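Peer 1: The following file, input_4.cif, comprises mmCIF, C-alpha atoms:
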data_coords
loop_
_atom_site.label_atom_id
_atom_site.label_comp_id
_atom_site.auth_asym_id
_atom_site.auth_seq_id
_atom_site.Cartn_x
_atom_site.Cartn_y
_atom_site.Cartn_z
CA MET Z 1 75.39 85.09 101.58
CA ILE Z 2 78.02 86.60 103.76
CA ALA Z 3 81.62 85.75 103.05
CA LEU Z 4 83.68 85.85 106.16
CA GLU Z 5 87.00 87.54 105.59
CA GLY Z 6 88.28 86.54 108.96
CA THR Z 7 88.02 82.82 108.42
CA THR Z 8 91.20 81.39 107.02
CA ALA Z 9 91.36 80.32 103.40
CA ARG Z 10 92.98 77.11 104.56
CA HIS Z 11 90.82 74.04 104.26
CA GLU Z 12 90.51 71.36 106.91
CA PRO Z 13 92.99 68.53 106.54
CA PRO Z 14 91.69 65.06 107.46
CA LYS Z 15 93.31 64.95 110.89
CA GLY Z 16 93.79 68.67 111.35
CA LYS Z 17 92.60 70.47 114.42
CA ARG Z 18 90.87 73.83 114.32
CA THR Z 19 93.07 75.99 116.43
CA GLY Z 20 92.32 79.41 115.07
CA PHE Z 21 96.04 79.86 114.57
CA ASP Z 22 96.58 82.40 111.80
CA MET Z 23 99.52 80.98 109.88
CA GLU Z 24 99.10 83.38 106.98
CA GLY Z 25 99.26 86.28 109.40
CA LEU Z 26 102.46 84.96 110.95
CA VAL Z 27 104.12 84.34 107.59
CA GLY Z 28 103.08 87.80 106.43
CA TYR Z 29 104.59 89.48 109.46
CA ILE Z 30 107.82 87.48 109.27
CA LEU Z 31 108.27 88.66 105.68
CA LEU Z 32 107.28 92.24 106.43
CA ILE Z 33 109.50 92.63 109.49
CA GLY Z 34 112.42 90.92 107.73
CA VAL Z 35 112.31 93.19 104.71
CA LEU Z 36 111.79 96.38 106.74
CA LEU Z 37 114.57 95.54 109.20
CA SER Z 38 116.90 94.75 106.34
CA MET Z 39 116.12 98.05 104.60
CA VAL Z 40 116.66 100.01 107.81
CA LEU Z 41 120.01 98.32 108.48
CA ILE Z 42 121.25 98.93 104.93
CA ALA Z 43 120.07 102.56 105.05
CA ILE Z 44 121.83 103.09 108.41
CA GLY Z 45 125.02 101.68 106.91
CA VAL Z 46 124.83 103.95 103.88
CA VAL Z 47 124.01 107.10 105.87
CA TYR Z 48 126.64 106.29 108.52
CA TYR Z 49 129.26 105.97 105.78
CA TRP Z 50 128.13 109.22 104.22
CA LEU Z 51 128.28 111.06 107.55
CA THR Z 52 131.79 109.86 108.35
CA THR Z 53 133.35 110.10 104.89
CA GLY Z 54 131.14 112.53 102.98
CA ARG Z 55 130.81 109.95 100.24
CA LEU Z 56 127.82 107.78 99.44
CA GLY Z 57 129.25 104.71 97.84
CA ILE Z 58 130.73 102.12 100.13
CA VAL Z 59 133.10 100.14 98.00
CA TYR Z 60 134.20 96.82 99.36
CA SER Z 61 133.64 93.24 98.49
CA ILE Z 62 133.57 90.04 100.46
CA SER Z 63 135.36 86.89 99.51
CA GLY Z 64 133.13 83.93 98.86
CA MET Z 65 131.61 82.58 102.03
CA ASN Z 66 128.42 80.92 103.09
CA LEU Z 67 125.65 82.78 104.83
CA PHE Z 68 126.30 81.26 108.24
CA GLY Z 69 130.00 82.09 107.99
CA PHE Z 70 128.95 85.60 107.04
CA VAL Z 71 126.62 85.80 110.07
CA LEU Z 72 129.38 84.61 112.41
CA ALA Z 73 131.84 87.15 111.04
CA GLU Z 74 129.29 89.93 111.59
CA ILE Z 75 128.49 88.78 115.14
CA ARG Z 76 132.19 88.72 115.99
CA GLN Z 77 132.49 92.30 114.77
CA MET Z 78 129.50 93.33 116.85
CA ILE Z 79 131.00 91.76 119.97
CA ALA Z 80 134.29 93.51 119.24
CA GLY Z 81 132.30 96.75 119.05
CA ALA Z 82 133.37 97.37 115.48
CA PHE Z 83 130.23 99.18 114.42
CA ARG Z 84 131.47 100.26 111.05
CA PRO Z 85 129.07 101.25 108.23
CA ARG Z 86 129.75 98.04 106.38
CA LEU Z 87 128.67 96.02 109.40
CA PHE Z 88 125.18 97.50 109.07
CA VAL Z 89 125.04 96.90 105.32
CA ASN Z 90 126.19 93.32 105.80
CA LEU Z 91 123.67 92.75 108.58
CA GLY Z 92 120.96 94.12 106.29
CA ILE Z 93 121.86 91.59 103.60
CA VAL Z 94 122.04 88.80 106.19
CA VAL Z 95 118.58 89.69 107.56
CA LEU Z 96 117.20 89.82 104.02
CA MET Z 97 118.54 86.38 103.19
CA LEU Z 98 117.37 84.90 106.46
CA THR Z 99 113.82 86.19 105.97
CA PRO Z 100 112.51 83.51 103.55
CA TYR Z 101 114.57 80.92 105.44
CA ILE Z 102 112.81 81.72 108.71
CA ARG Z 103 109.50 81.78 106.88
CA VAL Z 104 110.09 78.20 105.71
CA PHE Z 105 111.16 77.14 109.20
CA ALA Z 106 107.99 78.64 110.71
CA SER Z 107 105.86 76.87 108.09
CA MET Z 108 107.53 73.58 108.98
CA LEU Z 109 106.72 73.98 112.67
CA TYR Z 110 103.19 74.95 111.76
CA PHE Z 111 102.53 71.91 109.58
CA ALA Z 112 104.11 69.66 112.22
CA PHE Z 113 102.64 70.98 115.44
CA VAL Z 114 99.51 72.91 114.56
CA GLU Z 115 98.07 71.21 111.52
CA HIS Z 116 99.60 67.79 112.27
CA ASN Z 117 100.02 67.31 108.57
CA LEU Z 118 102.82 64.79 108.07
CA LYS Z 119 102.89 65.12 104.29
CA TYR Z 120 103.44 68.86 104.34
CA THR Z 121 105.78 68.68 107.30
CA LEU Z 122 108.00 66.44 105.19
CA PHE Z 123 107.70 68.69 102.12
CA THR Z 124 108.62 71.73 104.16
CA ALA Z 125 111.42 69.85 105.88
CA PHE Z 126 112.82 68.99 102.45
CA VAL Z 127 112.77 72.64 101.39
CA PHE Z 128 114.33 73.66 104.71
CA SER Z 129 117.10 71.05 104.42
CA VAL Z 130 117.99 71.98 100.86
CA LEU Z 131 118.12 75.66 101.82
CA SER Z 132 120.22 74.90 104.89
CA TYR Z 133 122.60 72.87 102.75
CA SER Z 134 122.87 75.61 100.15
CA LEU Z 135 123.44 78.26 102.80
CA PHE Z 136 126.33 76.17 104.14
CA LEU Z 137 127.85 75.91 100.65
CA ARG Z 138 131.34 77.09 100.32
CA MET R 1 129.83 102.86 89.14
CA SER R 2 128.72 105.52 91.57
CA PHE R 3 126.22 104.98 94.34
CA GLU R 4 123.96 107.72 93.00
CA LEU R 5 123.84 106.16 89.53
CA LEU R 6 123.19 102.64 90.86
CA PHE R 7 120.55 103.93 93.23
CA SER R 8 118.63 105.89 90.60
CA VAL R 9 118.87 103.15 87.99
CA SER R 10 117.55 100.67 90.57
CA ILE R 11 114.60 102.89 91.49
CA ALA R 12 113.74 103.07 87.80
CA ALA R 13 114.13 99.30 87.41
CA GLY R 14 111.93 98.57 90.43
CA PHE R 15 109.37 101.04 89.13
CA VAL R 16 109.24 99.70 85.56
CA GLY R 17 109.34 96.13 86.86
CA ALA R 18 106.30 96.63 89.06
CA MET R 19 104.45 98.77 86.50
CA SER R 20 104.84 96.21 83.76
CA GLY R 21 104.27 93.28 86.11
CA MET R 22 107.56 91.72 85.08
CA GLY R 23 109.61 92.21 88.24
CA GLY R 24 112.67 94.35 88.87
CA GLY R 25 115.41 91.93 87.87
CA VAL R 26 114.33 91.76 84.26
CA VAL R 27 114.93 95.50 83.88
CA LEU R 28 117.83 95.81 86.27
CA ILE R 29 120.21 93.29 84.72
CA PRO R 30 120.18 94.65 81.14
CA VAL R 31 120.61 98.20 82.45
CA LEU R 32 123.46 97.28 84.81
CA THR R 33 125.28 95.50 82.01
CA LEU R 34 124.73 98.51 79.73
CA LEU R 35 126.41 100.62 82.40
CA GLY R 36 129.38 98.31 82.22
CA MET R 37 128.79 95.85 85.04
CA ASP R 38 129.84 92.28 84.49
CA ILE R 39 126.69 90.21 83.81
CA LYS R 40 127.44 87.66 86.54
CA HIS R 41 127.75 90.37 89.18
CA ALA R 42 124.55 91.97 87.87
CA ILE R 43 122.72 88.64 88.14
CA ALA R 44 124.04 88.02 91.66
CA ILE R 45 123.00 91.46 92.91
CA SER R 46 119.66 91.27 91.17
CA ILE R 47 118.73 87.98 92.81
CA VAL R 48 119.30 89.48 96.26
CA SER R 49 117.01 92.39 95.37
CA VAL R 50 114.43 89.87 94.15
CA ILE R 51 114.28 88.43 97.69
CA ALA R 52 113.42 91.92 98.93
CA THR R 53 110.70 92.80 96.40
CA SER R 54 109.02 89.39 96.45
CA SER R 55 109.02 89.15 100.26
CA GLY R 56 107.75 92.69 100.53
CA SER R 57 104.77 92.14 98.25
CA ALA R 58 104.14 88.57 99.45
CA SER R 59 103.78 89.83 103.01
CA ALA R 60 100.68 91.81 102.07
CA TYR R 61 99.10 89.08 99.94
CA VAL R 62 99.68 86.34 102.51
CA ARG R 63 97.91 88.34 105.19
CA ASP R 64 94.94 88.80 102.84
CA HIS R 65 94.58 85.00 102.82
CA ILE R 66 94.79 84.73 99.06
CA THR R 67 98.15 82.97 98.82
CA ASN R 68 97.94 79.20 98.98
CA LEU R 69 100.69 78.05 101.35
CA LYS R 70 100.36 74.38 100.40
CA VAL R 71 100.65 75.00 96.67
CA GLY R 72 103.62 77.22 97.51
CA MET R 73 105.39 74.64 99.70
CA PHE R 74 104.85 71.83 97.22
CA LEU R 75 106.21 73.81 94.28
CA GLU R 76 109.11 75.27 96.24
CA MET R 77 110.55 71.76 96.50
CA PHE R 78 111.11 71.95 92.76
CA THR R 79 112.03 75.59 92.30
CA ILE R 80 114.81 75.66 94.90
CA VAL R 81 116.58 72.67 93.38
CA GLY R 82 116.21 74.30 89.97
CA ALA R 83 117.60 77.58 91.29
CA LEU R 84 120.65 75.87 92.78
CA VAL R 85 121.39 74.14 89.49
CA GLY R 86 120.76 77.32 87.49
CA ALA R 87 123.01 79.48 89.66
CA ALA R 88 125.76 76.84 89.58
CA ILE R 89 125.61 76.90 85.76
CA THR R 90 125.90 80.70 85.69
CA VAL R 91 128.94 80.68 87.96
CA VAL R 92 130.90 78.51 85.52
CA SER R 93 129.33 79.82 82.31
CA ALA R 94 130.82 82.26 79.81
CA GLN R 95 129.20 85.69 79.43
CA GLY R 96 127.86 85.36 75.87
CA PRO R 97 125.37 82.53 76.47
CA LEU R 98 124.02 84.33 79.53
CA PHE R 99 123.17 87.42 77.46
CA LEU R 100 121.57 85.26 74.82
CA ILE R 101 119.46 83.20 77.24
CA PHE R 102 118.46 86.35 79.10
CA GLY R 103 117.26 88.01 75.90
CA PHE R 104 115.18 85.03 74.85
CA VAL R 105 113.68 84.54 78.31
CA LEU R 106 112.78 88.23 78.46
CA LEU R 107 111.02 88.12 75.09
CA GLY R 108 109.35 84.83 76.02
CA ALA R 109 108.08 86.32 79.28
CA LEU R 110 106.61 89.25 77.36
CA ALA R 111 104.80 86.83 75.06
CA ALA R 112 103.53 84.95 78.10
CA LEU R 113 102.18 88.17 79.54
CA PHE R 114 100.02 88.67 76.45
CA LEU R 115 98.92 85.05 76.39
CA GLN R 116 97.64 84.94 79.92
CA ARG R 117 95.62 88.12 79.55
CA HIS R 118 93.11 86.36 77.32
CA THR R 119 92.46 83.27 79.35
CA GLY R 120 89.43 83.38 81.59
CA TRP R 121 89.39 81.26 84.72
CA THR R 122 86.76 78.62 85.38
CA PRO R 123 86.81 76.26 88.36
CA VAL R 124 87.74 72.65 87.63
CA GLU R 125 85.26 69.98 88.62
CA ASN R 126 87.43 66.89 88.56
CA GLN R 127 90.70 66.91 90.40
CA ASP R 128 93.26 64.24 89.61
CA LYS R 129 94.25 61.85 92.38
CA PHE R 130 97.75 63.20 92.90
CA SER R 131 96.62 66.81 93.26
CA LYS R 132 93.88 65.64 95.61
CA TRP R 133 96.43 63.72 97.67
CA LEU R 134 98.46 66.93 97.82
CA GLN R 135 95.40 68.77 99.16
CA LEU R 136 95.80 71.44 96.50
CA GLU R 137 92.63 73.34 97.05
CA GLY R 138 91.44 76.44 98.80
CA LYS R 139 89.15 79.38 98.83
CA TYR R 140 89.56 83.08 99.12
CA TYR R 141 87.40 86.13 99.44
CA ASP R 142 87.40 88.30 96.33
CA GLN R 143 87.01 91.93 97.36
CA ALA R 144 86.14 93.09 93.84
CA THR R 145 83.11 90.83 93.43
CA GLY R 146 82.32 90.24 97.10
CA GLN R 147 82.31 86.51 96.56
CA THR R 148 84.20 83.63 98.11
CA ILE R 149 85.93 81.75 95.33
CA GLU R 150 86.58 78.04 95.83
CA TYR R 151 89.14 76.31 93.66
CA ARG R 152 91.07 73.11 93.14
CA GLY R 153 94.51 72.79 91.63
CA VAL R 154 95.13 70.07 89.06
CA ARG R 155 97.99 68.33 87.25
CA ALA R 156 100.51 68.81 90.05
CA TYR R 157 102.54 66.00 88.46
CA PHE R 158 103.23 68.38 85.55
CA GLY R 159 103.30 71.57 87.56
CA GLY R 160 106.08 70.34 89.87
CA PRO R 161 108.63 69.35 87.21
CA LEU R 162 107.82 72.47 85.18
CA MET R 163 108.51 74.55 88.27
CA PHE R 164 111.97 73.00 88.38
CA GLY R 165 112.47 74.68 85.00
CA ALA R 166 111.13 78.00 86.30
CA GLY R 167 113.50 77.76 89.28
CA LEU R 168 116.38 76.94 86.96
CA ILE R 169 115.77 80.07 84.92
CA ALA R 170 115.37 82.17 88.07
CA GLY R 171 118.68 80.93 89.47
CA LEU R 172 120.45 81.09 86.13
CA LEU R 173 119.45 84.68 85.29
CA GLY R 174 118.95 86.22 88.74
CA ILE R 175 115.32 87.09 88.09
CA GLY R 176 112.08 86.12 89.81
CA ALA R 177 110.75 84.39 86.67
CA GLY R 178 107.31 85.30 87.97
CA ALA R 179 105.70 85.38 84.50
CA LEU R 180 106.74 81.80 83.92
CA LYS R 181 105.55 80.65 87.35
CA VAL R 182 102.20 82.35 86.90
CA LEU R 183 101.84 80.73 83.49
CA ILE R 184 102.38 77.27 85.03
CA HIS R 185 99.89 78.04 87.81
CA ASP R 186 97.30 79.31 85.32
CA LEU R 187 97.55 76.99 82.38
CA VAL R 188 98.78 73.75 83.94
CA MET R 189 97.42 73.79 87.47
CA ARG R 190 94.31 75.86 86.73
CA LEU R 191 94.59 78.12 89.77
CA PRO R 192 92.57 81.37 89.80
CA PRO R 193 94.64 84.39 88.63
CA LYS R 194 94.82 86.02 92.06
CA VAL R 195 95.98 82.83 93.74
CA SER R 196 98.54 82.14 91.04
CA THR R 197 100.15 85.58 91.13
CA THR R 198 100.26 85.81 94.92
CA THR R 199 101.49 82.26 95.41
CA SER R 200 104.16 82.75 92.76
CA ASN R 201 105.31 85.80 94.73
CA LEU R 202 105.81 83.66 97.81
CA ILE R 203 107.71 81.01 95.86
CA ILE R 204 109.98 83.61 94.24
CA GLY R 205 111.47 84.69 97.59
CA VAL R 206 112.60 81.20 98.59
CA THR R 207 113.78 80.40 95.08
CA ALA R 208 115.83 83.59 94.94
CA LEU R 209 117.38 82.73 98.31
CA ALA R 210 118.55 79.35 96.98
CA GLY R 211 120.13 81.06 93.98
CA ALA R 212 121.62 83.86 96.11
CA SER R 213 123.34 81.32 98.39
CA VAL R 214 125.30 79.98 95.41
CA TYR R 215 126.30 83.49 94.29
CA LEU R 216 127.32 84.38 97.84
CA ALA R 217 129.50 81.29 98.03
CA ALA R 218 131.04 82.17 94.67
CA GLY R 219 131.94 85.64 95.98
CA LEU R 220 129.82 87.38 93.35
CA ILE R 221 127.68 89.39 95.77
CA ASN R 222 129.35 92.69 96.46
CA PRO R 223 127.55 94.29 99.42
CA GLY R 224 128.78 97.77 98.53
CA LEU R 225 127.08 97.52 95.15
CA ALA R 226 124.12 95.52 96.46
CA ALA R 227 123.16 98.16 99.05
CA PRO R 228 121.96 100.90 96.65
CA VAL R 229 120.37 98.31 94.36
CA ILE R 230 118.31 96.63 97.09
CA LEU R 231 117.15 99.98 98.48
CA GLY R 232 116.46 101.43 95.04
CA VAL R 233 114.51 98.52 93.59
CA LEU R 234 112.32 98.28 96.67
CA ILE R 235 111.60 102.02 96.67
CA GLY R 236 110.84 101.96 92.93
CA ALA R 237 108.47 99.01 93.31
CA PHE R 238 106.77 100.68 96.25
CA ILE R 239 106.16 103.90 94.32
CA ALA R 240 104.79 101.90 91.38
CA THR R 241 102.33 99.91 93.50
CA ARG R 242 101.09 103.16 95.06
CA LEU R 243 100.66 104.65 91.59
CA LEU R 244 99.06 101.54 90.13
CA VAL R 245 96.11 101.89 92.44
CA ARG R 246 95.25 105.21 90.83
CA LEU R 247 96.72 104.72 87.41
CA THR R 248 95.03 102.18 85.18
CA ASN R 249 96.21 103.55 81.88
CA GLN R 250 96.99 100.65 79.57
CA LYS R 251 99.09 102.95 77.37
CA VAL R 252 101.62 103.47 80.16
CA ARG R 253 101.88 99.75 80.68
CA GLN R 254 102.29 99.11 76.99
CA PHE R 255 105.05 101.69 76.81
CA PHE R 256 107.00 99.82 79.49
CA LEU R 257 106.44 96.51 77.71
CA VAL R 258 107.96 98.02 74.57
CA VAL R 259 110.95 99.19 76.62
CA LEU R 260 111.37 95.63 77.89
CA ALA R 261 111.16 94.20 74.38
CA ILE R 262 113.95 96.55 73.28
CA LEU R 263 116.07 95.45 76.22
CA GLY R 264 115.44 91.81 75.27
CA VAL R 265 116.58 92.35 71.69
CA GLU R 266 119.60 94.29 72.92
CA MET R 267 120.62 91.38 75.19
CA ILE R 268 120.31 88.90 72.31
CA LEU R 269 122.44 91.11 70.05
CA ARG R 270 125.09 91.33 72.76
CA GLY R 271 124.88 87.58 73.25
CA ILE R 272 125.71 86.83 69.64
CA GLY R 273 128.35 89.55 69.61
CA VAL R 274 126.70 91.98 67.18
CA ILE R 275 127.09 94.75 69.75
CA SER R 276 129.29 94.68 72.80
#
Render the structure in this file as structure tokens.
Peer 2:
Amino acid sequence: MIALEGTTARHEPPKGKRTGFDMEGLVGYILLIGVLLSMVLIAIGVVYYWLTTGRLGIVYSISGMNLFGFVLAEIRQMIAGAFRPRLFVNLGIVVLMLTPYIRVFASMLYFAFVEHNLKYTLFTAFVFSVLSYSLFLR
Amino acid sequence: MSFELLFSVSIAAGFVGAMSGMGGGVVLIPVLTLLGMDIKHAIAISIVSVIATSSGSASAYVRDHITNLKVGMFLEMFTIVGALVGAAITVVSAQGPLFLIFGFVLLGALAALFLQRHTGWTPVENQDKFSKWLQLEGKYYDQATGQTIEYRGVRAYFGGPLMFGAGLIAGLLGIGAGALKVLIHDLVMRLPPKVSTTTSNLIIGVTALAGASVYLAAGLINPGLAAPVILGVLIGAFIATRLLVRLTNQKVRQFFLVVLAILGVEMILRGIGVIS
């Protein structure tokens, strides 16, 4: 008996269509790229700070804000050309927090448009809405 | 607290966390508080690093087609709500109870780790209607035995609400609460060990994000302190997973479990004010 590694572990839903779309692969790469990008951005921020000040520890804090407010503030700084070390560190944290969020969003699209699975589209939409709400918290 | 100190402590925490199978947060938070950090800030920073470690390891498992995305999505509905509630409680809570709860959860997780080691997995024949309706089933290829394992999840009506509790603890204490999630997957939903650990990894990332959003809104996440911690924990966990492949010495693992037990007792003593 030969077990095929390449075939997806996913089972066939009643109305699902075999598309050969590798959802697990996509989710895996979203997570991998998100974490790596975040690490690189944080490392750039830390090294940049060290190069310009000779010190390693960036000490600053942010007042309470929601993630989207945080993203907007960072984008404004980028447009203004204020590429300070803390911009990179902040971007790294933003990317890290957006990684699972994007993963959920991708899963929602997948259940809706590839698997045509209404039940799981609604489940994922619930998770996505709660996360969106919490990320808008202030 | 200097960058160098935070960075090295975080590497150690990520390393011990991955070696013991308990996750970085469980080691990180007691150590950060020992170094004088306020427990709420330690929890807030830890939960951000949990997003990093869980997403990092989940990325590999998901691509191996072992993680069950449906089980994950279904249970995430419960864990994220739990995490929001838990984090909201921490924000308004006093410090003492947090130490106490942390200590007990840490010791409980250690006990769970011993429990689950003795349970063998057998496939379930009869799936209840609700779990069937949820399509909680799957199969994966086991590289160790060369077999394709088919499985069905059961008792989702229990698993879901229990996962709310796991999410609550994760949000409350800034940890992944992976041991608890795996226990629910194993004992309640009867998922095979590989599926339960990898799926719990996936759930942890989203759950931690829900908790982190509350801490961000409360202004408890200090990026300057978070930077060395996130980098350190991830590097430590990475080194440990590389080592684990070659190192199967149970003694080493047991040593780290003893370290964790000591940290748990220390947190309880601080919680009731015996030491400060």
Peer 1: When you get a sec, could you note down which chain R residues fall within 7 Å of chain Z, using only C-alpha atoms, as number ranges by chain?
Peer 2: R: 2-3, 52, 55-56, 59-60, 62-63, 65, 73-74, 76-77, 138-141, 147-148, 205-206, 209-210, 213-214, 216-219, 222-224, 227, 231
Peer 1: Just give me the gap between CA of Ser129 (chain Z) and CA of Ile89 (chain R) in Å, one decimal is fine.
Peer 2: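 Going from CA of Ser129 (chain Z) over to CA of Ile89 (chain R) covers 21.3 Å.
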Peer 1: Report as a list in words all protein, DNA and RNA residues lying within 10 Å of Phe255 (chain R), evaluated on only C-alpha atoms, omitting residues in the same chain fewer than 5 positions from it.
Peer 2: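 In the requested format, the answer is Val16, Ser20, Gln250, Leu260 and Ala261 of chain R.
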Peer 1: I need the chosen residues saved as a compact mmCIF listing (two decimals), keeping the file's coordinate frame, with C-alpha atoms.
Peer 2:
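Saved result, out19.txt, follows:
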# COMPACT_ATOMS: atom_id res chain seq x y z
CA VAL R 16 109.24 99.70 85.56
CA SER R 20 104.84 96.21 83.76
CA GLN R 250 96.99 100.65 79.57
CA LEU R 260 111.37 95.63 77.89
CA ALA R 261 111.16 94.20 74.38
Peer 1: Using all atoms listed in the file, find the one residue out of Z:Leu122, Z:Val114, Z:Phe88, Z:Val94 that sits nearest to Val48 (chain R).
Peer 2: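 Closest to Val48 (chain R), using all atoms listed in the file: Z:Val94.
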Peer 1: Could you tell me how far CA of Phe102 (chain R) lies from CA of Ser57 (chain R), in Å and to one decimal?
Peer 2: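 Computed distance, CA of Phe102 (chain R) to CA of Ser57 (chain R), equals 24.2 Å.
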Peer 1: Counting all atoms listed in the file, what is within 9 Å of Leu162 (chain R), bar same-chain residues fewer than 2 positions away, as a PyMOL selection string?
Peer 2: chain R and resi 78-79+157-160+164-167+181+184
Peer 1: For this structure, which residues satisfy the selection - the PyMOL selection byres ((chain R and resi 270-274) around 7) - when it is evaluated on the file as given? I want them as JSON, numbers by chain.
Peer 2: {"R": [96, 97, 99, 100, 266, 267, 268, 269, 275, 276]}
Peer 1: Convert the current residue selection to file output with C-alpha atoms, as a short mmCIF file (atom, residue, chain, number, x, y, z; two decimals), keeping the file's coordinate frame.
Peer 2:
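Final file, again-v9.cif:
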data_model
loop_
_atom_site.label_atom_id
_atom_site.label_comp_id
_atom_site.auth_asym_id
_atom_site.auth_seq_id
_atom_site.Cartn_x
_atom_site.Cartn_y
_atom_site.Cartn_z
CA GLY R 96 127.86 85.36 75.87
CA PRO R 97 125.37 82.53 76.47
CA PHE R 99 123.17 87.42 77.46
CA LEU R 100 121.57 85.26 74.82
CA GLU R 266 119.60 94.29 72.92
CA MET R 267 120.62 91.38 75.19
CA ILE R 268 120.31 88.90 72.31
CA LEU R 269 122.44 91.11 70.05
CA ILE R 275 127.09 94.75 69.75
CA SER R 276 129.29 94.68 72.80
#
Peer 1: Expressed in Å to a single decimal, how great is the separation between CA of Met22 (chain R) and CA of Met163 (chain R)?
Peer 2: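 Distance reported for this atom pair: 17.5 Å.
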Peer 1: For this structure, which residues satisfy the selection - the PyMOL selection byres ((chain R and resi 185-190) around 8) - when it is evaluated on the file as given? I want them as a PyMOL selection string.
Peer 2: chain R and resi 116+121+123-124+152-156+158-159+181-184+191-193+196
Peer 1: Please identify all polymer residues lying at most 12 Å from the point (123.2, 103.1, 88.9) (file coordinates), using only C-alpha atoms, and present the result as a PyMOL selection string.
Peer 2: (chain Z and resi 57) or (chain R and resi 1-13+28-37+42+225-233)
Peer 1: Just to be explicit: take each residue in the selection above, keep C-alpha atoms, and write the result as a PDB file, keeping the file's coordinate frame.
Peer 2:
ATOM      1  CA  GLY Z  57     129.250 104.710  97.840  1.00  0.00           C
TER       2      GLY Z  57
ATOM      3  CA  MET R   1     129.830 102.860  89.140  1.00  0.00           C
ATOM      4  CA  SER R   2     128.720 105.520  91.570  1.00  0.00           C
ATOM      5  CA  PHE R   3     126.220 104.980  94.340  1.00  0.00           C
ATOM      6  CA  GLU R   4     123.960 107.720  93.000  1.00  0.00           C
ATOM      7  CA  LEU R   5     123.840 106.160  89.530  1.00  0.00           C
ATOM      8  CA  LEU R   6     123.190 102.640  90.860  1.00  0.00           C
ATOM      9  CA  PHE R   7     120.550 103.930  93.230  1.00  0.00           C
ATOM     10  CA  SER R   8     118.630 105.890  90.600  1.00  0.00           C
ATOM     11  CA  VAL R   9     118.870 103.150  87.990  1.00  0.00           C
ATOM     12  CA  SER R  10     117.550 100.670  90.570  1.00  0.00           C
ATOM     13  CA  ILE R  11     114.600 102.890  91.490  1.00  0.00           C
ATOM     14  CA  ALA R  12     113.740 103.070  87.800  1.00  0.00           C
ATOM     15  CA  ALA R  13     114.130  99.300  87.410  1.00  0.00           C
ATOM     16  CA  LEU R  28     117.830  95.810  86.270  1.00  0.00           C
ATOM     17  CA  ILE R  29     120.210  93.290  84.720  1.00  0.00           C
ATOM     18  CA  PRO R  30     120.180  94.650  81.140  1.00  0.00           C
ATOM     19  CA  VAL R  31     120.610  98.200  82.450  1.00  0.00           C
ATOM     20  CA  LEU R  32     123.460  97.280  84.810  1.00  0.00           C
ATOM     21  CA  THR R  33     125.280  95.500  82.010  1.00  0.00           C
ATOM     22  CA  LEU R  34     124.730  98.510  79.730  1.00  0.00           C
ATOM     23  CA  LEU R  35     126.410 100.620  82.400  1.00  0.00           C
ATOM     24  CA  GLY R  36     129.380  98.310  82.220  1.00  0.00           C
ATOM     25  CA  MET R  37     128.790  95.850  85.040  1.00  0.00           C
ATOM     26  CA  ALA R  42     124.550  91.970  87.870  1.00  0.00           C
ATOM     27  CA  LEU R 225     127.080  97.520  95.150  1.00  0.00           C
ATOM     28  CA  ALA R 226     124.120  95.520  96.460  1.00  0.00           C
ATOM     29  CA  ALA R 227     123.160  98.160  99.050  1.00  0.00           C
ATOM     30  CA  PRO R 228     121.960 100.900  96.650  1.00  0.00           C
ATOM     31  CA  VAL R 229     120.370  98.310  94.360  1.00  0.00           C
ATOM     32  CA  ILE R 230     118.310  96.630  97.090  1.00  0.00           C
ATOM     33  CA  LEU R 231     117.150  99.980  98.480  1.00  0.00           C
ATOM     34  CA  GLY R 232     116.460 101.430  95.040  1.00  0.00           C
ATOM     35  CA  VAL R 233     114.510  98.520  93.590  1.00  0.00           C
TER      36      VAL R 233
END
Peer 1: Check what the PyMOL selection byres ((chain R and resi 90) around 12) selects in the file above and give those residues as an MDAnalysis selection string.
Peer 2: chainID R and resid 39:44 83:89 91:99 101:102 168:174 211:212 214:215 218 220
Peer 1: Nearest residue to Leu51 (chain Z) out of Z:Glu115, Z:Ile79, Z:Pro85, Z:Leu109, using only C-alpha atoms?
Peer 2: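 Of all the options, Z:Pro85 lies closest to Leu51 (chain Z).
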